[in-house]
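Q: Okay, so here is upload-v7.cif, and as you'll see once you scroll down, it has mmCIF, C-alpha atoms.
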data_run
#
loop_
_atom_site.label_atom_id
_atom_site.label_comp_id
_atom_site.auth_asym_id
_atom_site.auth_seq_id
_atom_site.Cartn_x
_atom_site.Cartn_y
_atom_site.Cartn_z
CA MET A 1 -37.13 -99.16 0.58
CA ARG A 2 -33.74 -97.78 -0.42
CA GLU A 3 -33.01 -101.00 -2.31
CA SER A 4 -36.30 -100.91 -4.17
CA ARG A 5 -35.78 -97.26 -5.15
CA ALA A 6 -32.33 -98.10 -6.50
CA GLU A 7 -33.79 -101.04 -8.40
CA THR A 8 -36.46 -98.85 -9.96
CA GLU A 9 -33.96 -96.18 -10.96
CA PHE A 10 -31.51 -98.75 -12.28
CA THR A 11 -34.22 -100.44 -14.36
CA ALA A 12 -35.22 -97.07 -15.81
CA PHE A 13 -31.59 -96.38 -16.64
CA VAL A 14 -31.18 -99.72 -18.45
CA GLN A 15 -34.38 -99.15 -20.37
CA GLY A 16 -33.17 -95.74 -21.46
CA ALA A 17 -29.54 -96.47 -22.27
CA GLY A 18 -29.46 -100.25 -22.67
CA THR A 19 -29.89 -100.36 -26.45
CA ARG A 20 -27.11 -97.84 -26.99
CA LEU A 21 -24.76 -99.69 -24.62
CA GLU A 22 -25.57 -103.04 -26.17
CA ARG A 23 -24.88 -101.72 -29.66
CA ALA A 24 -21.56 -100.29 -28.49
CA ALA A 25 -20.71 -103.64 -26.91
CA VAL A 26 -21.53 -105.49 -30.14
CA LEU A 27 -19.29 -103.14 -32.12
CA LEU A 28 -16.50 -103.56 -29.59
CA THR A 29 -16.64 -107.33 -29.43
CA GLY A 30 -18.11 -108.29 -32.82
CA ASP A 31 -19.97 -111.06 -31.02
CA ARG A 32 -23.44 -110.69 -29.57
CA LEU A 33 -23.05 -113.36 -26.90
CA LEU A 34 -19.79 -111.92 -25.71
CA ALA A 35 -21.33 -108.44 -25.79
CA GLU A 36 -24.15 -109.69 -23.55
CA ASP A 37 -21.65 -111.22 -21.12
CA LEU A 38 -19.58 -108.04 -20.88
CA LEU A 39 -22.71 -105.96 -20.43
CA GLN A 40 -23.91 -108.26 -17.66
CA VAL A 41 -20.67 -107.61 -15.77
CA THR A 42 -20.99 -103.90 -16.52
CA TYR A 43 -24.58 -103.70 -15.26
CA ALA A 44 -23.67 -105.59 -12.09
CA LYS A 45 -20.90 -103.08 -11.35
CA VAL A 46 -23.13 -100.12 -12.15
CA TYR A 47 -25.86 -101.44 -9.84
CA LEU A 48 -23.31 -102.09 -7.12
CA ALA A 49 -22.08 -98.50 -7.35
CA TRP A 50 -25.53 -97.00 -7.96
CA LYS A 51 -25.51 -94.69 -4.96
CA ARG A 52 -22.26 -93.12 -6.13
CA VAL A 53 -23.03 -92.93 -9.83
CA GLU A 54 -26.74 -92.16 -10.00
CA GLN A 55 -25.93 -88.59 -11.10
CA ASP A 56 -24.39 -89.83 -14.36
CA PRO A 57 -24.75 -93.59 -14.66
CA LEU A 58 -24.26 -93.62 -18.44
CA ALA A 59 -20.72 -92.23 -18.17
CA TYR A 60 -19.87 -94.77 -15.48
CA ALA A 61 -21.43 -97.59 -17.49
CA ARG A 62 -19.56 -96.58 -20.64
CA THR A 63 -16.22 -96.42 -18.85
CA THR A 64 -16.88 -99.71 -17.06
CA LEU A 65 -17.83 -101.41 -20.32
CA LEU A 66 -14.60 -100.20 -21.94
CA HIS A 67 -12.51 -101.43 -19.02
CA VAL A 68 -14.28 -104.78 -18.95
CA TYR A 69 -13.81 -105.15 -22.70
CA ILE A 70 -10.12 -104.21 -22.66
CA SER A 71 -9.44 -106.52 -19.69
CA HIS A 72 -11.22 -109.33 -21.49
CA ARG A 73 -9.16 -108.76 -24.63
CA ARG A 74 -5.95 -108.75 -22.59
CA LEU A 75 -6.86 -112.05 -21.00
CA ARG A 76 -7.70 -113.64 -24.33
CA ARG A 77 -4.98 -111.96 -26.37
CA ASN A 78 -2.99 -115.12 -27.04
CA ALA A 79 -5.96 -117.28 -27.92
CA GLU A 80 -7.89 -114.89 -30.10
CA VAL A 81 -7.97 -115.13 -33.90
CA PRO A 82 -9.71 -111.98 -35.10
CA THR A 83 -10.40 -113.12 -38.66
CA GLU A 84 -12.39 -116.06 -37.30
CA ILE A 85 -15.40 -113.81 -36.91
CA ALA A 86 -15.93 -113.54 -40.65
CA SER A 87 -15.79 -117.28 -41.13
CA ARG A 88 -18.32 -117.92 -38.35
CA GLY A 89 -21.07 -116.19 -40.31
CA GLU A 90 -23.17 -115.91 -37.18
CA LEU A 91 -24.55 -112.47 -37.81
CA PRO A 92 -28.14 -112.35 -38.92
CA ALA A 93 -28.71 -110.58 -42.22
CA THR A 94 -31.89 -108.58 -42.03
CA ASP A 95 -31.37 -106.91 -45.39
CA GLY A 96 -29.51 -107.63 -48.56
CA ASP A 97 -26.31 -106.11 -47.31
CA ALA A 98 -24.77 -109.09 -45.55
CA ALA A 99 -21.42 -108.98 -47.31
CA ARG A 100 -20.81 -105.37 -46.37
CA ARG A 101 -21.90 -105.98 -42.77
CA LEU A 102 -19.45 -108.83 -42.40
CA ASP A 103 -16.74 -106.68 -43.87
CA VAL A 104 -17.30 -104.06 -41.17
CA LEU A 105 -16.87 -106.62 -38.43
CA ASP A 106 -13.95 -108.22 -40.20
CA ALA A 107 -12.18 -104.91 -40.47
CA LEU A 108 -12.92 -103.91 -36.88
CA ALA A 109 -11.61 -107.26 -35.65
CA THR A 110 -8.21 -106.55 -37.18
CA LEU A 111 -7.78 -103.53 -34.90
CA SER A 112 -6.27 -103.71 -31.44
CA ALA A 113 -8.66 -103.43 -28.49
CA LEU A 114 -7.71 -99.83 -27.83
CA LYS A 115 -8.00 -98.72 -31.47
CA ARG A 116 -11.35 -100.44 -31.72
CA ALA A 117 -12.52 -98.66 -28.59
CA VAL A 118 -11.32 -95.35 -30.05
CA VAL A 119 -13.20 -96.02 -33.30
CA VAL A 120 -16.41 -96.92 -31.48
CA LEU A 121 -16.25 -93.91 -29.19
CA ARG A 122 -15.24 -91.40 -31.86
CA TYR A 123 -17.26 -92.56 -34.86
CA TRP A 124 -20.21 -94.38 -33.40
CA GLU A 125 -20.76 -92.74 -30.02
CA ASP A 126 -19.68 -89.42 -31.63
CA ARG A 127 -17.57 -88.49 -28.62
CA SER A 128 -15.06 -85.69 -28.93
CA VAL A 129 -11.32 -86.32 -28.83
CA ALA A 130 -11.20 -84.89 -25.30
CA ASP A 131 -14.11 -87.03 -24.04
CA THR A 132 -12.63 -90.15 -25.64
CA ALA A 133 -9.31 -89.42 -23.98
CA VAL A 134 -11.03 -89.15 -20.59
CA ASP A 135 -13.07 -92.31 -21.15
CA LEU A 136 -10.01 -94.35 -22.06
CA GLY A 137 -7.53 -92.67 -19.72
CA LEU A 138 -5.33 -91.54 -22.60
CA THR A 139 -3.97 -88.20 -23.75
CA GLU A 140 -5.72 -86.40 -26.59
CA SER A 141 -2.73 -86.79 -28.88
CA VAL A 142 -2.75 -90.57 -28.35
CA VAL A 143 -6.45 -90.67 -29.19
CA LYS A 144 -5.84 -88.68 -32.40
CA THR A 145 -2.96 -90.95 -33.40
CA ARG A 146 -4.92 -94.13 -32.72
CA ALA A 147 -7.94 -92.83 -34.60
CA ARG A 148 -5.82 -91.86 -37.62
CA ARG A 149 -4.09 -95.23 -37.71
CA ALA A 150 -7.38 -97.07 -37.29
CA LEU A 151 -8.90 -95.13 -40.16
CA GLY A 152 -5.87 -95.96 -42.27
CA LYS A 153 -6.31 -99.62 -41.54
CA LEU A 154 -10.02 -99.49 -42.32
CA ARG A 155 -9.52 -97.51 -45.55
CA PRO A 156 -9.68 -100.55 -47.90
CA LEU A 157 -13.09 -101.40 -46.45
CA LEU A 158 -14.28 -97.84 -46.84
CA GLU A 159 -13.11 -97.66 -50.46
CA LEU A 160 -14.81 -100.98 -51.18
CA ASP A 161 -17.96 -99.63 -49.58
CA GLU A 162 -17.83 -96.56 -51.80
CA ARG A 163 -17.70 -98.74 -54.88
CA THR A 164 -20.48 -101.06 -53.70
CA PRO A 165 -23.94 -99.91 -54.85
CA SER A 166 -26.24 -99.62 -51.84
CA MET B 1 -15.30 -82.49 -48.41
CA SER B 2 -11.78 -83.88 -47.86
CA GLU B 3 -10.94 -87.56 -48.26
CA HIS B 4 -10.54 -87.89 -44.50
CA GLU B 5 -13.99 -86.48 -43.84
CA THR B 6 -15.49 -88.70 -46.52
CA ASN B 7 -13.92 -91.77 -44.91
CA VAL B 8 -15.20 -90.73 -41.50
CA ARG B 9 -18.75 -90.28 -42.82
CA HIS B 10 -18.60 -93.70 -44.49
CA LEU B 11 -17.34 -95.33 -41.35
CA GLU B 12 -20.02 -93.69 -39.23
CA ARG B 13 -22.71 -94.92 -41.61
CA LEU B 14 -21.28 -98.46 -41.69
CA LEU B 15 -21.12 -98.63 -37.91
CA ARG B 16 -24.68 -97.32 -37.56
CA ASP B 17 -26.04 -99.78 -40.11
CA ARG B 18 -24.20 -102.65 -38.50
CA VAL B 19 -26.03 -102.42 -35.18
CA LEU B 20 -29.44 -101.26 -36.35
CA ASP B 21 -30.95 -104.69 -35.74
CA VAL B 22 -29.65 -104.96 -32.15
CA HIS B 23 -32.71 -104.72 -29.90
CA PRO B 24 -31.96 -106.25 -26.50
CA ASP B 25 -34.57 -107.37 -23.98
CA LEU B 26 -33.97 -104.49 -21.61
CA GLU B 27 -36.25 -105.75 -18.83
CA ALA B 28 -34.28 -108.98 -18.68
CA ARG B 29 -30.96 -107.14 -18.83
CA ALA B 30 -31.96 -104.91 -15.91
CA ALA B 31 -33.19 -107.86 -13.86
CA ASP B 32 -29.96 -109.79 -14.56
CA GLY B 33 -27.89 -106.73 -13.64
CA ILE B 34 -29.73 -106.29 -10.35
CA ARG B 35 -29.36 -109.97 -9.52
CA ALA B 36 -25.65 -110.05 -10.35
CA GLY B 37 -25.01 -106.75 -8.55
CA SER B 38 -26.80 -107.95 -5.42
CA ARG B 39 -24.78 -111.14 -5.48
CA LEU B 40 -21.54 -109.15 -5.76
CA ARG B 41 -22.63 -106.93 -2.86
CA ARG B 42 -23.43 -109.90 -0.63
CA ARG B 43 -20.10 -111.46 -1.45
CA ARG B 44 -18.22 -108.23 -0.63
CA ARG B 45 -20.07 -107.85 2.66
CA LEU B 46 -19.28 -111.43 3.60
CA TRP B 47 -15.59 -110.98 2.82
CA GLY B 48 -15.58 -107.69 4.69
CA ALA B 49 -17.09 -109.32 7.77
CA LEU B 50 -14.61 -112.20 7.56
CA ALA B 51 -11.68 -109.81 7.19
CA ALA B 52 -12.88 -107.78 10.18
CA SER B 53 -13.24 -110.93 12.29
CA ALA B 54 -9.79 -112.10 11.24
CA GLY B 55 -8.39 -108.69 12.15
CA VAL B 56 -9.94 -108.81 15.62
CA VAL B 57 -8.61 -112.34 16.18
CA ALA B 58 -5.16 -111.28 15.00
CA LEU B 59 -5.17 -108.26 17.30
CA ILE B 60 -6.15 -110.40 20.27
CA ALA B 61 -3.48 -112.93 19.37
CA VAL B 62 -0.81 -110.25 19.05
CA GLY B 63 -1.90 -108.67 22.32
CA THR B 64 -1.77 -112.02 24.10
CA GLN B 65 1.59 -112.85 22.57
CA LEU B 66 2.96 -109.49 23.63
CA ASP B 67 1.67 -109.99 27.12
CA VAL B 68 3.18 -113.47 27.33
CA SER B 69 6.55 -112.40 25.94
CA LEU B 70 6.80 -109.47 28.33
CA GLY B 71 5.33 -111.13 31.35
CA SER B 72 6.46 -114.76 31.34
CA ALA B 73 9.68 -116.41 32.29
CA SER B 74 12.61 -115.50 30.11
CA PRO B 75 15.70 -117.63 29.68
CA THR B 76 17.92 -114.57 29.49
CA PRO B 77 20.29 -114.58 32.44
CA GLY B 78 19.90 -111.74 34.87
CA VAL B 79 16.21 -111.04 34.06
CA ALA B 80 13.72 -111.77 36.79
CA THR B 81 10.87 -114.21 36.24
CA ASP B 82 7.30 -113.38 37.09
CA PRO B 83 5.37 -116.12 38.88
CA ASP B 84 1.98 -114.42 38.30
CA SER B 85 2.30 -113.99 34.56
CA ALA B 86 -0.11 -115.51 32.03
CA THR B 87 0.54 -118.95 30.64
CA SER B 88 2.02 -119.30 27.17
CA SER B 89 -0.83 -121.40 25.77
CA GLY B 90 -1.81 -118.64 23.31
CA ALA B 91 -5.42 -118.54 24.53
CA PRO B 92 -6.85 -115.18 25.57
CA PRO B 93 -6.53 -114.63 29.29
CA SER B 94 -9.67 -115.24 31.26
CA PRO B 95 -11.21 -112.37 33.20
CA THR B 96 -10.17 -114.05 36.43
CA ASN B 97 -6.53 -113.60 35.40
CA CYS B 98 -6.91 -109.84 35.17
CA PRO B 99 -4.95 -108.26 37.96
CA THR B 100 -6.57 -105.91 40.40
CA PRO B 101 -4.65 -102.71 41.20
CA ALA B 102 -3.46 -104.38 44.39
CA ALA B 103 -2.20 -107.36 42.44
CA SER B 104 -0.32 -105.01 40.12
CA GLN B 105 1.43 -103.48 43.08
CA ARG B 106 2.28 -107.00 44.28
CA LYS B 107 3.72 -107.79 40.83
CA LEU B 108 5.87 -104.72 40.97
CA ALA B 109 7.12 -105.83 44.35
CA THR B 110 8.01 -109.29 43.04
CA ILE B 111 10.34 -107.96 40.39
CA PRO B 112 13.74 -108.30 41.97
CA THR B 113 15.88 -105.23 41.72
CA PRO B 114 19.53 -105.71 41.05
CA SER B 115 21.55 -105.80 44.16
CA ALA B 116 24.18 -103.21 44.67
CA GLY B 117 27.03 -105.67 44.40
CA GLY B 118 25.61 -107.84 41.60
CA PRO B 119 27.04 -107.80 38.06
CA VAL B 120 23.96 -106.36 36.30
CA SER B 121 24.45 -104.81 32.88
CA ARG B 122 22.89 -101.55 31.73
CA ALA B 123 20.74 -103.39 29.16
CA VAL B 124 19.27 -105.58 31.85
CA LYS B 125 18.51 -102.56 33.99
CA GLU B 126 16.70 -100.88 31.11
CA ARG B 127 14.72 -104.01 30.38
CA LEU B 128 13.70 -104.32 34.01
CA ALA B 129 12.59 -100.71 34.02
CA ARG B 130 10.54 -101.16 30.82
CA ARG B 131 8.90 -104.26 32.21
CA ALA B 132 8.01 -102.58 35.45
CA ALA B 133 6.47 -99.69 33.55
CA HIS B 134 4.55 -102.09 31.32
CA GLN B 135 3.12 -104.15 34.14
CA GLY B 136 2.38 -101.21 36.32
CA SER B 137 0.32 -99.22 33.77
CA PRO B 138 -3.26 -99.22 35.06
CA ALA B 139 -4.62 -97.99 31.71
CA ARG B 140 -3.07 -100.88 29.83
CA ILE B 141 -4.26 -103.44 32.34
CA THR B 142 -7.78 -102.06 32.23
CA ALA B 143 -7.93 -102.11 28.43
CA GLU B 144 -6.59 -105.65 28.20
CA CYS B 145 -8.93 -106.89 30.86
CA LYS B 146 -11.92 -105.30 29.16
CA LYS B 147 -10.90 -106.91 25.90
CA SER B 148 -10.48 -110.35 27.44
CA MET B 149 -13.76 -110.03 29.35
CA ARG B 150 -15.56 -109.15 26.12
CA ALA B 151 -14.02 -112.12 24.33
CA ALA B 152 -14.87 -114.43 27.21
CA SER B 153 -18.45 -113.22 27.49
CA LEU B 154 -18.95 -113.59 23.72
CA SER B 155 -17.69 -117.15 23.76
CA ALA B 156 -19.96 -117.87 26.71
CA GLY B 157 -22.96 -116.76 24.62
CA THR B 158 -23.96 -113.71 26.59
CA THR B 159 -24.69 -110.28 25.24
CA ALA B 160 -21.50 -108.26 25.28
CA PRO B 161 -21.83 -104.65 24.22
CA GLU B 162 -21.38 -103.12 27.62
CA GLN B 163 -20.13 -99.72 26.45
CA LEU B 164 -23.31 -98.79 24.59
CA PRO B 165 -26.47 -97.82 26.44
CA VAL B 166 -28.41 -100.61 24.74
CA SER B 167 -28.02 -104.34 24.35
CA LEU B 168 -30.05 -107.11 22.80
CA ALA B 169 -31.56 -109.36 25.41
CA ALA B 170 -33.20 -111.85 23.05
CA PRO B 171 -32.73 -115.49 24.03
CA GLY B 172 -30.52 -117.44 21.65
CA TRP B 173 -28.89 -114.31 20.23
CA THR B 174 -25.20 -113.55 20.69
CA CYS B 175 -23.77 -110.10 20.13
CA HIS B 176 -20.31 -109.07 19.04
CA PRO B 177 -18.40 -106.31 20.82
CA PRO B 178 -19.54 -102.88 19.65
CA GLY B 179 -17.58 -100.72 17.28
CA ASP B 180 -18.45 -97.19 16.11
CA ALA B 181 -21.74 -97.12 18.02
CA LYS B 182 -23.00 -100.32 16.49
CA PHE B 183 -22.86 -104.02 17.10
CA THR B 184 -24.02 -107.11 15.29
CA CYS B 185 -25.93 -109.96 16.83
CA THR B 186 -26.51 -113.43 15.47
CA ASP B 187 -28.61 -116.45 16.35
CA GLY B 188 -26.22 -118.75 14.52
CA THR B 189 -27.62 -118.23 11.02
CA ALA B 190 -29.30 -114.84 10.80
CA SER B 191 -27.57 -111.59 11.66
CA VAL B 192 -28.85 -108.15 12.59
CA VAL B 193 -27.05 -104.94 13.33
CA VAL B 194 -28.01 -102.54 16.11
CA THR B 195 -26.88 -98.95 15.67
CA VAL B 196 -27.07 -96.24 18.31
CA ARG B 197 -27.85 -92.87 16.75
CA PRO B 198 -28.22 -89.29 18.02
CA ALA B 199 -31.77 -88.35 18.98
CA HIS B 200 -32.00 -85.52 16.43
CA GLU B 201 -32.00 -88.09 13.62
CA HIS B 202 -34.99 -89.93 15.06
CA ASP B 203 -37.62 -88.22 12.89
CA ALA B 204 -35.59 -88.83 9.74
CA TYR B 205 -35.39 -92.55 10.49
CA LEU B 206 -39.16 -92.65 10.91
CA HIS B 207 -40.28 -90.51 7.96
CA ASP B 208 -37.43 -89.71 5.53
CA PRO B 209 -37.67 -92.10 2.54
CA ASP B 210 -33.87 -92.14 2.32
CA LYS B 211 -33.51 -93.47 5.86
CA ALA B 212 -36.80 -95.03 6.89
CA SER B 213 -37.21 -98.63 5.82
CA PRO B 214 -39.69 -101.40 6.58
CA ASP B 215 -36.68 -103.67 7.07
CA GLN B 216 -35.52 -101.82 10.14
CA TYR B 217 -36.84 -101.27 13.64
CA VAL B 218 -36.53 -97.77 15.10
CA SER B 219 -36.64 -97.51 18.88
CA ASP B 220 -37.99 -94.63 20.93
CA VAL B 221 -35.58 -91.92 22.00
CA HIS B 222 -33.76 -92.72 25.25
CA GLY B 223 -32.08 -89.62 26.60
CA LYS B 224 -29.99 -88.24 23.75
CA VAL B 225 -29.94 -91.38 21.61
CA PHE B 226 -32.12 -94.00 19.98
CA ALA B 227 -31.32 -97.27 18.23
CA THR B 228 -32.12 -98.91 14.91
CA LEU B 229 -32.07 -102.64 14.31
CA GLU B 230 -31.59 -103.85 10.72
CA ARG B 231 -31.27 -107.21 9.04
CA VAL B 232 -27.79 -108.01 7.76
CA ALA B 233 -27.66 -111.55 6.47
CA ASN B 234 -30.03 -114.52 6.24
CA ALA B 235 -32.51 -112.59 8.32
CA GLN B 236 -35.42 -112.43 5.90
CA GLY B 237 -37.55 -114.56 8.22
CA ILE B 238 -36.72 -112.50 11.29
CA SER B 239 -39.20 -109.89 12.50
CA VAL B 240 -37.13 -106.81 13.24
CA ASP B 241 -40.00 -105.34 15.27
CA ASP B 242 -40.21 -108.38 17.57
CA LEU B 243 -36.45 -108.37 17.98
CA GLY B 244 -36.31 -104.61 18.41
CA HIS B 245 -38.73 -104.78 21.34
CA GLN B 246 -36.18 -106.94 23.13
CA LEU B 247 -33.54 -104.21 23.11
CA ALA B 248 -32.58 -103.52 26.71
CA TRP B 249 -31.67 -99.96 27.67
CA LYS B 250 -29.32 -99.22 30.56
#
I need this file expressed as structure tokens, please.

A:
Amino acid sequence: MRESRAETEFTAFVQGAGTRLERAAVLLTGDRLLAEDLLQVTYAKVYLAWKRVEQDPLAYARTTLLHVYISHRRLRRNAEVPTEIASRGELPATDGDAARRLDVLDALATLSALKRAVVVLRYWEDRSVADTAVDLGLTESVVKTRARRALGKLRPLLELDERTPS
Amino acid sequence: MSEHETNVRHLERLLRDRVLDVHPDLEARAADGIRAGSRLRRRRRLWGALAASAGVVALIAVGTQLDVSLGSASPTPGVATDPDSATSSGAPPSPTNCPTPAASQRKLATIPTPSAGGPVSRAVKERLARRAAHQGSPARITAECKKSMRAASLSAGTTAPEQLPVSLAAPGWTCHPPGDAKFTCTDGTASVVVTVRPAHEHDAYLHDPDKASPDQYVSDVHGKVFATLERVANAQGISVDDLGHQLAWK
């Protein structure tokens, strides 16, 4: 009975927050299949710890996803070629904006795992500097520095986007 | 609006647009998560049980080794040998080897004391004194004998948990020694755990949705306690009610 209640609650949680988490995972990884894999690991850990985290499962899931992602990037650091994502052309274009969409991924892929996580948390999840620092286990000043440097690196994309008629 | 703010707004819009078409199958994701989480949990429980078993075996081995090293013949000159000590085979001593209080007194008597004129060093005297204290401690002998009797009865396939007021008397089931008011029993493949609980929790285990479960049997109250019997592993086909009715109360 306890198990089935946890299953029901967990399913409701995934239905409520799953889309948001999946989108964050896609932005972090730039690869939908990899995002699904990392989320699968994340969901397994959240379900395993459900009794402890049922008060705020989204926070636990977000932190777990970040840790899983950063661990994965560390493991694959030597083998990964970030610019490969653009050449794969695997992203479906549902509107006429494919070039710009690939540029976003291309630019994100040039960032380190931590900077990318900072960008996703700050500018997509809209988390504050303090919350981002807690999520990533960093100090606020480190988060600010990483965010500023990431923005600097993404600036060419943003300027290009400004010039591109939408 | 400053350039920084403009860049931030652009970036936010780009990120939002990028993932607008991501619509996962949430039912499938939840089902996969539950399946993977359950698998992880089973694996952790299995490793936990294995680690606990290994710990118990190691403790028994260390205890036996200690007993052998303190009680058996020593090649050191000047130290007495003990003809009644356990063998050095490494196997746990059988219950028949456990000394009775009278036998302990006999052991003490067999330890030769240094003669007045003999050249016995101070170290040897101290060692003899330590050994006499070790062998003569009734508490230690009792604990070791209980441990070896439990191990022997478990290997013989009988129900062991003699310290708890309840045991499982189902044929074909073997029970491990109890720990923290609970003990596990197995028929070779399936496992169940029997937990002795205070009587005031009885109602909660029958009616509270957090504690009551169709997967567990709840006994009647016996004195100040009652027992629950739950499935642990590979016990889906086992009827906990049938098994629970075979709990024997002392």

Q: Would you please work out which residue, of A:Arg146, A:Arg127, A:Arg155, A:Arg116, is nearest to Tyr69 (chain A) when using only C-alpha atoms?

A: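 Using only C-alpha atoms, the shortest distance to Tyr69 (chain A) belongs to A:Arg116.
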
Q: Compute the chain A side of the contact with chain B at 6 Å, counting all atoms listed in the file, and hand it back as a PDB file with C-alpha atoms, keeping the file's coordinate frame.

A:
ATOM      1  CA  MET A   1     -37.130 -99.160   0.580  1.00  0.00           C
ATOM      2  CA  THR A  11     -34.220-100.440 -14.360  1.00  0.00           C
ATOM      3  CA  VAL A  14     -31.180 -99.720 -18.450  1.00  0.00           C
ATOM      4  CA  GLN A  15     -34.380 -99.150 -20.370  1.00  0.00           C
ATOM      5  CA  ARG A  23     -24.880-101.720 -29.660  1.00  0.00           C
ATOM      6  CA  GLN A  40     -23.910-108.260 -17.660  1.00  0.00           C
ATOM      7  CA  TYR A  43     -24.580-103.700 -15.260  1.00  0.00           C
ATOM      8  CA  ALA A  44     -23.670-105.590 -12.090  1.00  0.00           C
ATOM      9  CA  TYR A  47     -25.860-101.440  -9.840  1.00  0.00           C
ATOM     10  CA  LEU A  48     -23.310-102.090  -7.120  1.00  0.00           C
ATOM     11  CA  ARG A 101     -21.900-105.980 -42.770  1.00  0.00           C
ATOM     12  CA  TYR A 123     -17.260 -92.560 -34.860  1.00  0.00           C
ATOM     13  CA  TRP A 124     -20.210 -94.380 -33.400  1.00  0.00           C
TER      14      TRP A 124
END

Q: What is the distance between CA of Pro178 (chain B) and CA of Val232 (chain B), in Å to one decimal?

A: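 Atom-to-atom, CA of Pro178 (chain B) and CA of Val232 (chain B) are spaced 15.4 Å apart.
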
Q: In Å, with one decimal, what is the gap from CA of Ser53 (chain B) to CA of Cys185 (chain B)?

A: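 About the pair CA of Ser53 (chain B) and CA of Cys185 (chain B): they are 13.5 Å apart.
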
Q: Rounded to one decimal, what separation in Å do you get between CA of Ala113 (chain A) and CA of Thr145 (chain A)?

A: 14.6 Å

Q: Neighbouring residues of Val26 (chain A) were defined as those with any atom within 10 Å, considering only C-alpha atoms; residues of the same chain fewer than 3 positions away were excluded. Please report them as a list in words.

A: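 Skipping anything fewer than 3 positions along the chain leaves Arg20, Leu21, Glu22, Arg23, Thr29, Gly30, Asp31, Arg32, Leu33, Leu34, Ala35, Glu36, Leu38, Leu39 and Leu105 of chain A; Arg18, Val19 and Val22 of chain B.
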
Q: Between A:Leu158, A:Ala59, A:Leu65, A:Val143, which one has atoms that come closest to Val118 (chain A), using only C-alpha atoms?

A: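 The shortest atom-to-atom distance to Val118 (chain A) comes from A:Val143.
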
Q: Would you kindly translate the PyMOL selection byres ((chain B and resi 241) around 10) into the concrete residues it picks from this file, as a ChimeraX atom specification?

A: /B:214-219,229-230,238-240,242-246

Q: Which residue is closest to Gly188 (chain B)? Choose from B:Asn234, B:Ser2, B:Gln65, B:Ser167 and count all atoms listed in the file.

A: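 Using all atoms listed in the file, Gly188 (chain B) sits closest to B:Asn234.
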